[in-house]
>>> print(open('run27.txt').read())   # compact mmCIF, C-alpha atoms
# COMPACT_ATOMS: atom_id res chain seq x y z
CA MET A 293 103.28 107.04 154.92
CA GLU A 294 102.74 109.28 151.98
CA ASN A 295 102.59 112.34 154.31
CA ARG A 296 106.02 111.55 155.84
CA PRO A 297 108.10 113.50 153.23
CA LYS A 298 105.97 116.57 153.83
CA LEU A 299 106.56 116.22 157.57
CA TYR A 300 110.34 115.96 157.01
CA ALA A 301 110.27 119.07 154.84
CA ILE A 302 108.31 121.09 157.39
CA THR A 303 110.58 119.92 160.21
CA ALA A 304 113.72 120.85 158.26
CA PHE A 305 112.32 124.25 157.42
CA VAL A 306 111.48 125.03 161.04
CA ALA A 307 114.88 123.75 162.21
CA GLY A 308 116.60 126.00 159.67
CA ILE A 309 114.74 129.03 160.94
CA LEU A 310 115.59 128.22 164.55
CA LEU A 311 119.26 127.61 163.68
CA THR A 312 119.50 130.90 161.81
CA LEU A 313 117.93 132.84 164.67
CA GLY A 314 120.12 131.11 167.24
CA TYR A 315 123.33 131.75 165.26
CA LYS A 316 122.39 135.40 164.87
CA ASP A 317 121.74 135.76 168.60
CA PHE A 318 124.78 133.84 169.84
CA TYR A 319 127.38 134.63 167.12
CA PRO A 320 128.75 137.78 168.80
CA ASP A 321 129.52 135.78 171.91
CA LEU A 322 131.18 133.05 169.85
CA GLU A 323 133.26 135.60 167.96
CA TRP A 324 134.35 137.27 171.23
CA ARG A 325 135.36 133.89 172.69
CA PHE A 326 137.34 133.09 169.52
CA TRP A 327 139.39 136.33 169.54
CA ARG A 328 139.89 136.15 173.29
CA ARG A 329 141.36 132.69 172.92
CA ARG A 330 143.78 133.95 170.23
CA ARG A 331 144.99 136.77 172.46
CA VAL A 332 145.55 134.37 175.36
CA ASN A 333 147.55 132.04 173.11
CA ARG A 334 149.73 134.91 171.94
CA THR A 335 150.34 136.02 175.53
CA ILE A 336 151.31 132.52 176.54
CA ALA A 337 153.73 132.27 173.61
CA SER A 338 155.38 135.66 174.29
CA ALA A 339 155.75 134.88 178.01
CA GLY A 340 157.41 131.55 177.32
CA LEU A 341 154.54 129.52 178.78
CA ASN A 342 153.64 126.05 177.56
CA ASP A 343 150.11 124.76 176.94
CA ASP A 344 149.72 123.97 180.64
CA GLY A 345 150.46 127.59 181.57
CA HIS A 346 153.88 126.74 183.02
CA ILE A 347 157.05 128.70 182.17
CA ASP A 348 159.45 127.10 179.73
CA LEU A 349 163.05 127.79 180.81
CA GLU A 350 165.18 129.63 178.24
CA ASP A 351 168.54 128.43 177.03
CA HIS A 352 170.69 131.04 178.78
CA GLU A 353 173.70 130.20 176.65
CA LYS A 354 171.80 131.77 173.76
CA ASN A 355 169.70 134.38 175.60
CA THR A 356 171.81 136.14 178.23
CA VAL A 357 170.95 139.27 180.22
CA THR A 358 173.79 141.69 180.90
CA ARG A 359 173.78 142.92 184.47
CA MET A 360 174.35 146.68 184.70
CA GLU A 361 176.87 147.73 187.31
CA VAL A 362 175.30 149.95 189.96
CA PRO A 363 177.40 153.10 190.62
CA GLU A 364 178.93 153.29 194.10
CA GLY A 365 178.06 156.75 195.37
CA ILE A 366 177.38 160.04 193.60
CA GLU A 367 181.05 160.40 192.63
CA ALA A 368 180.70 157.29 190.47
CA CYS A 369 178.18 159.21 188.36
CA ILE A 370 180.87 161.64 187.17
CA GLY A 371 181.90 161.33 183.52
CA ASN A 372 180.47 159.55 180.48
CA THR A 373 178.32 162.57 179.71
CA PRO A 374 176.27 162.58 176.49
CA LEU A 375 177.52 164.04 173.22
CA PHE A 376 174.80 165.48 170.99
CA LYS A 377 174.40 167.55 167.85
CA ILE A 378 173.32 171.17 168.24
CA LYS A 379 170.80 171.07 165.42
CA SER A 380 170.44 174.79 164.73
CA LEU A 381 174.17 175.56 164.57
CA SER A 382 174.86 172.45 162.50
CA LYS A 383 172.17 173.40 160.00
CA GLU A 384 173.39 177.00 159.72
CA THR A 385 177.06 176.08 159.19
CA GLY A 386 176.84 172.83 157.23
CA CYS A 387 179.09 171.19 159.83
CA ASP A 388 178.30 168.77 162.63
CA ILE A 389 178.65 170.92 165.73
CA LEU A 390 178.56 168.51 168.63
CA ALA A 391 178.23 169.42 172.31
CA LYS A 392 179.69 167.47 175.20
CA ALA A 393 176.97 167.92 177.85
CA GLU A 394 179.23 168.40 180.86
CA PHE A 395 176.40 170.11 182.74
CA LEU A 396 174.96 166.59 183.13
CA ASN A 397 177.86 165.35 185.26
CA GLY A 398 176.50 163.57 188.31
CA GLY A 399 178.29 165.53 191.03
CA GLY A 400 178.22 169.32 190.80
CA GLY A 401 176.95 169.44 187.23
CA SER A 402 180.01 170.74 185.36
CA PRO A 403 183.36 169.55 183.98
CA LYS A 404 184.87 170.57 187.31
CA ASP A 405 183.39 167.37 188.78
CA ARG A 406 186.13 165.47 186.98
CA VAL A 407 188.77 167.85 188.31
CA ALA A 408 187.53 167.73 191.91
CA LEU A 409 187.52 163.94 191.92
CA SER A 410 190.97 163.77 190.31
CA ILE A 411 192.48 166.23 192.81
CA ILE A 412 191.03 164.36 195.79
CA ASN A 413 192.08 160.94 194.47
CA LEU A 414 195.65 162.14 193.93
CA ALA A 415 195.84 163.75 197.38
CA GLU A 416 194.61 160.54 198.99
CA GLU A 417 197.19 158.51 197.08
CA GLN A 418 199.90 160.88 198.29
CA GLY A 419 198.70 160.62 201.90
CA LEU A 420 197.71 164.29 202.04
CA LEU A 421 194.05 163.61 202.77
CA GLN A 422 192.33 161.06 204.98
CA PRO A 423 188.55 160.62 204.89
CA HIS A 424 186.49 161.34 208.02
CA SER A 425 189.50 162.78 209.85
CA GLY A 426 188.43 166.41 209.90
CA ASP A 427 190.56 167.25 206.85
CA THR A 428 189.24 170.31 205.01
CA ILE A 429 189.82 171.16 201.35
CA TYR A 430 190.32 174.87 200.61
CA GLU A 431 189.96 176.34 197.15
CA GLY A 432 189.72 179.68 195.40
CA THR A 433 187.14 179.53 192.63
CA VAL A 434 184.59 181.60 190.74
CA GLY A 435 182.01 178.95 191.54
CA SER A 436 181.89 175.74 189.53
CA THR A 437 184.99 174.10 191.01
CA GLY A 438 183.75 175.00 194.46
CA ILE A 439 180.36 173.40 193.82
CA SER A 440 182.03 170.24 192.52
CA LEU A 441 184.45 170.13 195.44
CA ALA A 442 181.65 170.67 197.96
CA THR A 443 179.71 167.76 196.46
CA VAL A 444 182.61 165.33 196.20
CA CYS A 445 183.98 166.33 199.61
CA ARG A 446 180.74 165.37 201.30
CA ALA A 447 180.63 162.12 199.35
CA ARG A 448 184.19 161.23 200.37
CA GLY A 449 184.23 162.35 204.01
CA TYR A 450 185.77 165.85 203.84
CA LEU A 451 184.73 169.45 204.46
CA ALA A 452 185.06 172.22 201.89
CA TYR A 453 186.02 175.87 202.42
CA ILE A 454 185.51 178.02 199.31
CA CYS A 455 186.87 181.51 198.65
CA MET A 456 185.29 183.31 195.69
CA PRO A 457 185.10 186.84 194.26
CA SER A 458 182.15 188.81 195.58
CA ASP A 459 181.06 189.86 192.06
CA GLN A 460 180.10 186.31 191.01
CA ALA A 461 176.46 185.26 190.66
CA ILE A 462 174.92 184.98 194.13
CA GLU A 463 173.22 181.65 193.38
CA LYS A 464 176.64 179.99 193.27
CA SER A 465 177.52 180.91 196.85
CA SER A 466 173.96 180.09 197.95
CA LEU A 467 174.27 176.62 196.45
CA LEU A 468 177.64 176.11 198.13
CA LEU A 469 176.11 176.85 201.50
CA LYS A 470 173.31 174.36 200.85
CA LEU A 471 175.98 171.76 200.03
CA GLY A 472 177.55 172.26 203.44
CA ALA A 473 180.60 174.26 202.37
CA ALA A 474 181.98 177.27 204.21
CA VAL A 475 181.97 180.25 201.83
CA GLU A 476 184.03 183.41 201.99
CA ARG A 477 183.26 186.06 199.36
CA VAL A 478 186.22 188.43 198.91
CA PRO A 479 186.49 191.65 196.85
CA PRO A 480 187.96 191.13 193.35
CA ALA A 481 191.70 191.75 193.47
CA PRO A 482 194.83 191.20 191.32
CA ILE A 483 196.65 187.89 191.73
CA VAL A 484 199.53 189.67 193.51
CA ASP A 485 197.15 190.77 196.31
CA PRO A 486 197.16 188.48 199.39
CA MET A 487 193.37 188.81 199.47
CA HIS A 488 192.92 187.53 195.91
CA PHE A 489 190.50 184.61 196.26
CA VAL A 490 193.15 182.03 195.31
CA ASN A 491 195.78 183.43 197.68
CA ARG A 492 193.23 183.67 200.46
CA ALA A 493 192.37 179.95 200.13
CA ARG A 494 196.05 179.00 200.14
CA THR A 495 196.66 181.00 203.32
CA LEU A 496 193.67 179.52 205.14
CA ALA A 497 194.76 175.96 204.29
CA ALA A 498 198.22 176.59 205.71
CA GLU A 499 196.78 178.17 208.87
CA HIS A 500 194.49 175.17 209.40
CA THR A 501 197.36 172.69 209.14
CA ALA A 502 199.51 174.73 211.51
CA ASP A 503 196.81 175.01 214.19
CA PRO A 504 197.16 172.15 216.74
CA ASN A 505 193.73 172.93 218.18
CA ARG A 506 191.87 172.23 214.95
CA PRO A 507 190.99 168.69 213.85
CA GLY A 508 192.45 167.38 210.62
CA ARG A 509 194.58 169.23 208.13
CA GLY A 510 193.99 171.96 205.58
CA TYR A 511 194.59 170.99 201.95
CA PHE A 512 194.80 173.62 199.22
CA ALA A 513 193.33 172.12 196.02
CA ASP A 514 195.14 174.67 193.80
CA GLN A 515 193.08 173.97 190.67
CA PHE A 516 195.02 176.50 188.56
CA GLU A 517 198.42 174.89 189.10
CA ASN A 518 197.57 171.33 190.19
CA GLU A 519 198.19 169.14 187.15
CA ALA A 520 195.65 166.60 188.35
CA ASN A 521 193.32 169.09 186.64
CA TRP A 522 194.40 168.56 183.02
CA GLN A 523 195.13 164.91 183.78
CA ALA A 524 191.45 164.37 184.60
CA HIS A 525 190.48 165.47 181.10
CA TYR A 526 193.28 163.49 179.49
CA ASP A 527 192.10 160.37 181.31
CA SER A 528 188.35 160.78 180.78
CA THR A 529 186.96 163.68 178.72
CA GLY A 530 189.33 163.19 175.78
CA PRO A 531 188.84 159.42 175.47
CA GLU A 532 185.06 159.82 175.79
CA ILE A 533 184.95 162.34 172.93
CA PHE A 534 187.16 160.14 170.76
CA ARG A 535 184.98 157.09 171.44
CA GLN A 536 181.65 158.88 171.03
CA CYS A 537 182.76 160.33 167.69
CA GLY A 538 184.07 157.00 166.43
CA GLY A 539 187.51 158.56 166.07
CA GLU A 540 186.24 161.21 163.64
CA VAL A 541 186.86 164.71 165.01
CA ASP A 542 188.08 167.65 162.93
CA ALA A 543 188.23 170.27 165.70
CA PHE A 544 187.81 170.66 169.44
CA VAL A 545 186.78 174.07 170.81
CA ALA A 546 186.88 175.15 174.46
CA GLY A 547 187.48 178.13 176.68
CA ALA A 548 190.10 178.26 179.40
CA GLY A 549 190.00 179.45 182.99
CA THR A 550 192.48 177.15 184.63
CA GLY A 551 193.20 175.69 181.19
CA GLY A 552 192.77 172.10 182.35
CA THR A 553 189.95 171.10 179.98
CA ILE A 554 191.51 172.33 176.73
CA ALA A 555 194.99 171.09 177.71
CA GLY A 556 193.90 167.61 178.77
CA VAL A 557 191.58 167.02 175.81
CA ALA A 558 194.14 168.46 173.38
CA ARG A 559 196.89 166.16 174.65
CA TYR A 560 194.68 163.10 174.26
CA LEU A 561 193.10 163.93 170.89
CA LYS A 562 196.39 165.03 169.32
CA SER A 563 197.94 161.71 170.37
CA ARG A 564 195.20 159.85 168.47
CA LEU A 565 194.39 162.38 165.72
CA PRO A 566 197.47 164.47 164.89
CA ASP A 567 195.55 166.63 162.38
CA VAL A 568 192.72 167.60 164.74
CA LYS A 569 192.43 171.37 165.26
CA ILE A 570 192.40 172.64 168.85
CA VAL A 571 190.72 176.05 169.15
CA LEU A 572 190.56 178.37 172.15
CA ALA A 573 187.33 180.27 172.90
CA ASP A 574 188.12 183.44 174.84
CA PRO A 575 185.83 186.12 176.32
CA GLN A 576 186.50 189.84 176.18
CA GLY A 577 188.99 191.10 178.73
CA SER A 578 191.03 187.89 178.73
CA GLY A 579 194.61 187.77 177.51
CA LEU A 580 194.69 184.13 176.36
CA TYR A 581 193.52 184.96 172.82
CA ASN A 582 196.61 187.10 172.27
CA ARG A 583 198.80 184.53 173.99
CA ILE A 584 197.81 182.04 171.28
CA LYS A 585 197.68 184.45 168.32
CA TYR A 586 200.68 186.65 169.12
CA GLY A 587 202.60 185.00 171.96
CA VAL A 588 201.90 187.76 174.49
CA MET A 589 199.36 188.29 177.29
CA PHE A 590 197.42 191.44 176.52
CA ALA A 591 193.79 192.51 176.31
CA ALA A 592 192.50 195.88 175.13
CA THR A 593 190.85 196.41 178.52
CA GLU A 594 194.29 196.33 180.16
CA LYS A 595 195.07 199.77 178.72
CA GLU A 596 195.44 202.46 181.37
CA GLY A 597 192.14 204.08 182.28
CA THR A 598 189.94 201.45 180.64
CA ARG A 599 189.89 198.67 183.21
CA ARG A 600 186.72 198.24 185.31
CA ARG A 601 187.27 194.88 187.04
CA SER A 602 190.28 193.47 188.84
CA GLN A 603 190.28 190.08 187.16
CA VAL A 604 188.76 189.83 183.68
CA ASP A 605 186.56 192.61 182.35
CA THR A 606 183.54 190.60 181.16
CA ILE A 607 180.13 189.39 182.24
CA VAL A 608 181.25 185.85 181.37
CA GLU A 609 182.13 183.64 184.33
CA GLY A 610 184.35 180.56 184.46
CA ILE A 611 186.70 181.23 181.54
CA GLY A 612 189.19 183.96 180.70
CA ILE A 613 192.31 184.97 182.61
CA ASN A 614 195.22 187.38 182.34
CA ARG A 615 197.97 185.11 183.55
CA VAL A 616 199.41 181.81 182.40
CA THR A 617 198.75 178.74 184.55
CA ALA A 618 200.57 175.41 184.70
CA ASN A 619 197.46 173.68 183.38
CA PHE A 620 197.13 175.96 180.37
CA GLU A 621 200.83 175.67 179.60
CA ALA A 622 200.48 171.86 179.60
CA GLY A 623 198.58 172.15 176.33
CA ARG A 624 199.36 175.61 174.95
CA VAL A 625 201.66 174.45 172.16
CA LEU A 626 198.90 172.14 170.91
CA ILE A 627 196.37 174.96 170.42
CA ASP A 628 196.11 175.83 166.72
CA ASP A 629 193.81 178.86 166.73
CA ALA A 630 191.72 181.14 168.91
CA PHE A 631 188.52 183.17 168.60
CA LYS A 632 187.26 185.89 170.90
CA ALA A 633 183.65 186.68 171.80
CA ASP A 634 182.42 189.90 173.39
CA ASP A 635 179.70 190.08 176.01
CA GLU A 636 176.94 191.00 173.55
CA GLN A 637 177.76 188.00 171.38
CA ALA A 638 177.74 185.69 174.40
CA LEU A 639 174.35 187.01 175.50
CA ALA A 640 172.94 186.68 171.99
CA MET A 641 174.25 183.14 171.56
CA ALA A 642 172.77 182.06 174.89
CA ARG A 643 169.40 183.41 173.77
CA TRP A 644 169.78 181.69 170.38
CA LEU A 645 170.39 178.29 171.97
CA VAL A 646 167.19 178.57 173.98
CA GLU A 647 165.17 179.98 171.09
CA LYS A 648 166.27 177.43 168.49
CA ASP A 649 167.23 174.33 170.49
CA GLY A 650 165.77 174.60 173.99
CA ILE A 651 169.31 174.52 175.43
CA PHE A 652 169.65 176.64 178.59
CA VAL A 653 173.31 177.09 179.50
CA GLY A 654 175.65 179.55 181.14
CA SER A 655 177.95 182.24 179.80
CA SER A 656 181.08 180.15 179.14
CA SER A 657 179.06 177.66 177.09
CA ALA A 658 177.76 180.52 174.95
CA VAL A 659 181.33 181.70 174.28
CA ASN A 660 182.31 178.13 173.34
CA CYS A 661 179.47 178.00 170.81
CA ILE A 662 180.49 181.34 169.27
CA ALA A 663 183.99 179.95 168.71
CA ALA A 664 182.60 176.64 167.41
CA VAL A 665 180.59 178.49 164.76
CA LYS A 666 183.64 180.57 163.77
CA THR A 667 185.68 177.37 163.53
CA ALA A 668 183.01 175.79 161.29
CA GLN A 669 183.00 178.86 159.05
CA THR A 670 186.80 178.70 158.82
CA LEU A 671 186.98 174.97 158.03
CA GLY A 672 183.97 174.97 155.70
CA PRO A 673 180.98 172.61 155.44
CA GLY A 674 181.30 168.89 156.09
CA HIS A 675 183.51 168.99 159.18
CA ARG A 676 182.87 167.73 162.69
CA ILE A 677 183.49 170.15 165.56
CA VAL A 678 183.15 169.27 169.25
CA THR A 679 182.70 171.82 172.02
CA ILE A 680 181.79 171.87 175.70
CA LEU A 681 178.53 172.93 177.37
CA CYS A 682 179.90 173.61 180.83
CA ASP A 683 177.02 174.34 183.15
CA SER A 684 173.31 175.10 183.32
CA GLY A 685 171.92 178.60 182.97
CA THR A 686 170.33 178.15 186.40
CA ARG A 687 173.67 179.18 187.94
CA HIS A 688 173.62 182.45 186.04
CA ILE A 689 170.07 183.74 186.62
CA SER A 690 170.95 186.77 188.74
CA LYS A 691 173.77 188.09 186.56
CA PHE A 692 174.29 186.79 183.01
CA TRP A 693 170.69 185.77 182.31
CA ALA A 694 169.35 188.85 184.08
CA LYS A 695 171.05 190.85 181.36
CA ALA A 696 170.12 188.41 178.59
CA GLY A 697 166.46 188.74 179.51
CA SER A 698 163.56 186.43 178.75
CA ILE A 699 163.18 184.86 175.32
CA GLY A 700 159.41 185.19 175.15
CA GLY A 701 157.96 183.95 171.87
CA LYS A 702 160.86 185.08 169.70
CA THR A 703 161.74 182.72 166.83
CA ASN A 704 163.36 184.93 164.17
CA SER A 705 166.95 185.49 165.36
CA LYS A 706 169.65 185.30 162.69
CA LEU A 707 173.02 183.71 163.34
CA GLU A 708 174.88 186.18 161.16
CA ASP A 709 173.71 189.02 163.40
CA ILE A 710 175.43 187.29 166.33
CA ILE A 711 178.66 186.26 164.61
CA ASP A 712 179.64 188.88 162.03
CA SER A 713 181.07 191.45 164.44
CA SER A 714 183.64 188.95 165.74
CA PHE A 715 185.86 189.51 162.70
CA MET A 716 186.24 193.18 163.71
CA LEU A 717 186.77 192.15 167.34
CA ASP A 718 189.53 189.71 166.39
CA CYS A 719 191.26 192.37 164.28
CA HIS A 720 191.14 195.21 166.82
CA ASP A 721 192.12 193.40 170.03
CA THR A 722 195.83 193.41 169.20
CA PRO A 723 198.74 193.30 171.62
CA GLY A 724 200.41 196.41 172.94
CA GLN A 725 202.31 195.22 176.00
CA ILE A 726 203.40 192.07 177.79
CA PHE A 727 202.19 191.06 181.22
>>> encode(input="run27.txt", output="structure tokens")
Amino acid sequence: MENRPKLYAITAFVAGILLTLGYKDFYPDLEWRFWRRRRVNRTIASAGLNDDGHIDLEDHEKNTVTRMEVPEGIEACIGNTPLFKIKSLSKETGCDILAKAEFLNGGGGSPKDRVALSIINLAEEQGLLQPHSGDTIYEGTVGSTGISLATVCRARGYLAYICMPSDQAIEKSSLLLKLGAAVERVPPAPIVDPMHFVNRARTLAAEHTADPNRPGRGYFADQFENEANWQAHYDSTGPEIFRQCGGEVDAFVAGAGTGGTIAGVARYLKSRLPDVKIVLADPQGSGLYNRIKYGVMFAATEKEGTRRRSQVDTIVEGIGINRVTANFEAGRVLIDDAFKADDEQALAMARWLVEKDGIFVGSSSAVNCIAAVKTAQTLGPGHRIVTILCDSGTRHISKFWAKAGSIGGKTNSKLEDIIDSSFMLDCHDTPGQIF
């Protein structure tokens, strides 16, 4: 009996050793099982499962899911384009320079998508067009309106016939052909010439309608004079800008070809913000700058012996004109100021936007940004300026960007080198005659 305590002590000692060795060998597995169980429990909780692994139904009066409406066709993807800050220009000027990314429209990738859809909708309402009847829409355009019309026509059951000047970037007419449009490139000519691209489209539409052997009718879209143009921007672009800016806009800057964008947006914004400044961006060779500043249509390139092109003497496409259109007149009295940009400034600004912001846009967008910067410098720091980025630089590779060249690794451009000469340009391009 007296040896029993010693036996207990020896047994306890041996058991302790075995327990220690066993815990050491099996602890990693126990730890892994413990953490695995915690992860499983968390997964069950986040998935709404109960302890049995079944799903607990949510109270949908408290946790609702909003169903997104699915757009009906590509034309339903037109509008509601993003508005974003151009960081480099905002930093340089001390103003918020915001860009309406119209090149992201879902149809033809420009603000002309809105116009094309508006023109077609109005014509259908008036009984002038009937889908899938052989009706063909004719238009004279430098490119973007034609691309938008070709896209929307196919989506709505029509054919498109586009007349355009032969000196426009070749990728525009190539894209039109890929979109199923008929394309006729005509030599640049004055508006009084029957072969001017707009007059040619009007004539072809009338001939189509008068021909009993051709299916459907010919409809001339007439983007320059058709007030469905500015109405599209009054109904959509203007309200979008107002909403996206929370009602805080100090200036809106845009160029004018037909004049529909600046007129429609101006009419809407001025109705909501009477003090907002509307500013025209005009390329060299266009007379609209002097129409706003001096009340006459004149450009220095109109002087005898200096004119090289029949329409507007500039590398810039899509904006600039030497006649007044119904769409421009719809908003002309609302335009407060104008700035002009020459070709070298447009090229330099396009390069700047790629170099500093990774934004690759076309020539008219570059002119808009020149005028936006000049507007910011005029108003002073702390203001909010909105402008339009019309289309991608991919439509301008063979002409505008061929002259702009590649950016390479350049990172040291200075904004003042691009802008400063515009003061001299504004001073010297003064009126001398009325057209």
>>> atom_distance(input="run27.txt", atom1="CA of Ser690 in chain A", atom2="CA of Asp635 in chain A")
15.8 Å
>>> axis_aligned_box(input="run27.txt", around="range 652-661 of chain A", padding_each_side="5 Å", output="AutoDock Vina command-line options")
--center_x 176.0 --center_y 179.4 --center_z 176.0 --size_x 22.7 --size_y 15.6 --size_z 20.3
>>> atom_distance(input="run27.txt", atom1="CA of Ala622 in chain A", atom2="CA of Leu561 in chain A")
13.9 Å
>>> closest_residue(input="run27.txt", among="A:Glu647, A:Glu636, A:Glu708, A:Asp388", to="Lys695 in chain A", atoms="only C-alpha atoms")
A:Glu636
>>> closest_residue(input="run27.txt", among="A:Glu417, A:Lys706, A:Ala694, A:Cys537", to="Ala391 in chain A", atoms="all atoms listed in the file")
A:Cys537
>>> residues_around(input="run27.txt", residues="range 527-536 of chain A", least_positions_apart="3", cutoff="12 Å", atoms="only C-alpha atoms", output="VMD selection string")
chain A and resid 370 to 377 390 to 394 397 402 to 407 409 to 410 520 to 524 539 to 544 552 to 565 568 676 to 680
>>> atom_distance(input="run27.txt", atom1="CA of Cys455 in chain A", atom2="CA of Thr550 in chain A")
15.7 Å
>>> closest_residue(input="run27.txt", among="A:Ser382, A:Thr703, A:Gln576, A:Thr667", to="Ser655 in chain A", atoms="only C-alpha atoms")
A:Gln576
>>> residues_around(input="run27.txt", residues="range 476-491 of chain A", least_positions_apart="2", cutoff="10 Å", atoms="all atoms listed in the file", output="JSON, numbers by chain")
{"A": [430, 431, 432, 433, 434, 453, 454, 455, 456, 457, 458, 459, 460, 462, 465, 473, 474, 493, 494, 495, 496, 512, 513, 514, 515, 516, 601, 602, 603, 604, 614, 615]}
>>> closest_residue(input="run27.txt", among="A:Thr356, A:Thr501, A:Thr617, A:Thr606", to="Thr428 in chain A", atoms="only C-alpha atoms")
A:Thr501
>>> residues_around(input="run27.txt", residues="Gly365 in chain A", least_positions_apart="4", cutoff="10 Å", atoms="all atoms listed in the file", output="number ranges by chain")
A: 369-370, 398-399, 444, 447-448
>>> closest_residue(input="run27.txt", among="A:Lys383, A:Lys464, A:Lys632, A:Arg506", to="Ala663 in chain A", atoms="only C-alpha atoms")
A:Lys632
>>> closest_residue(input="run27.txt", among="A:Lys666, A:Gly435, A:Ile378, A:Asp649", to="Val475 in chain A", atoms="all atoms listed in the file")
A:Gly435
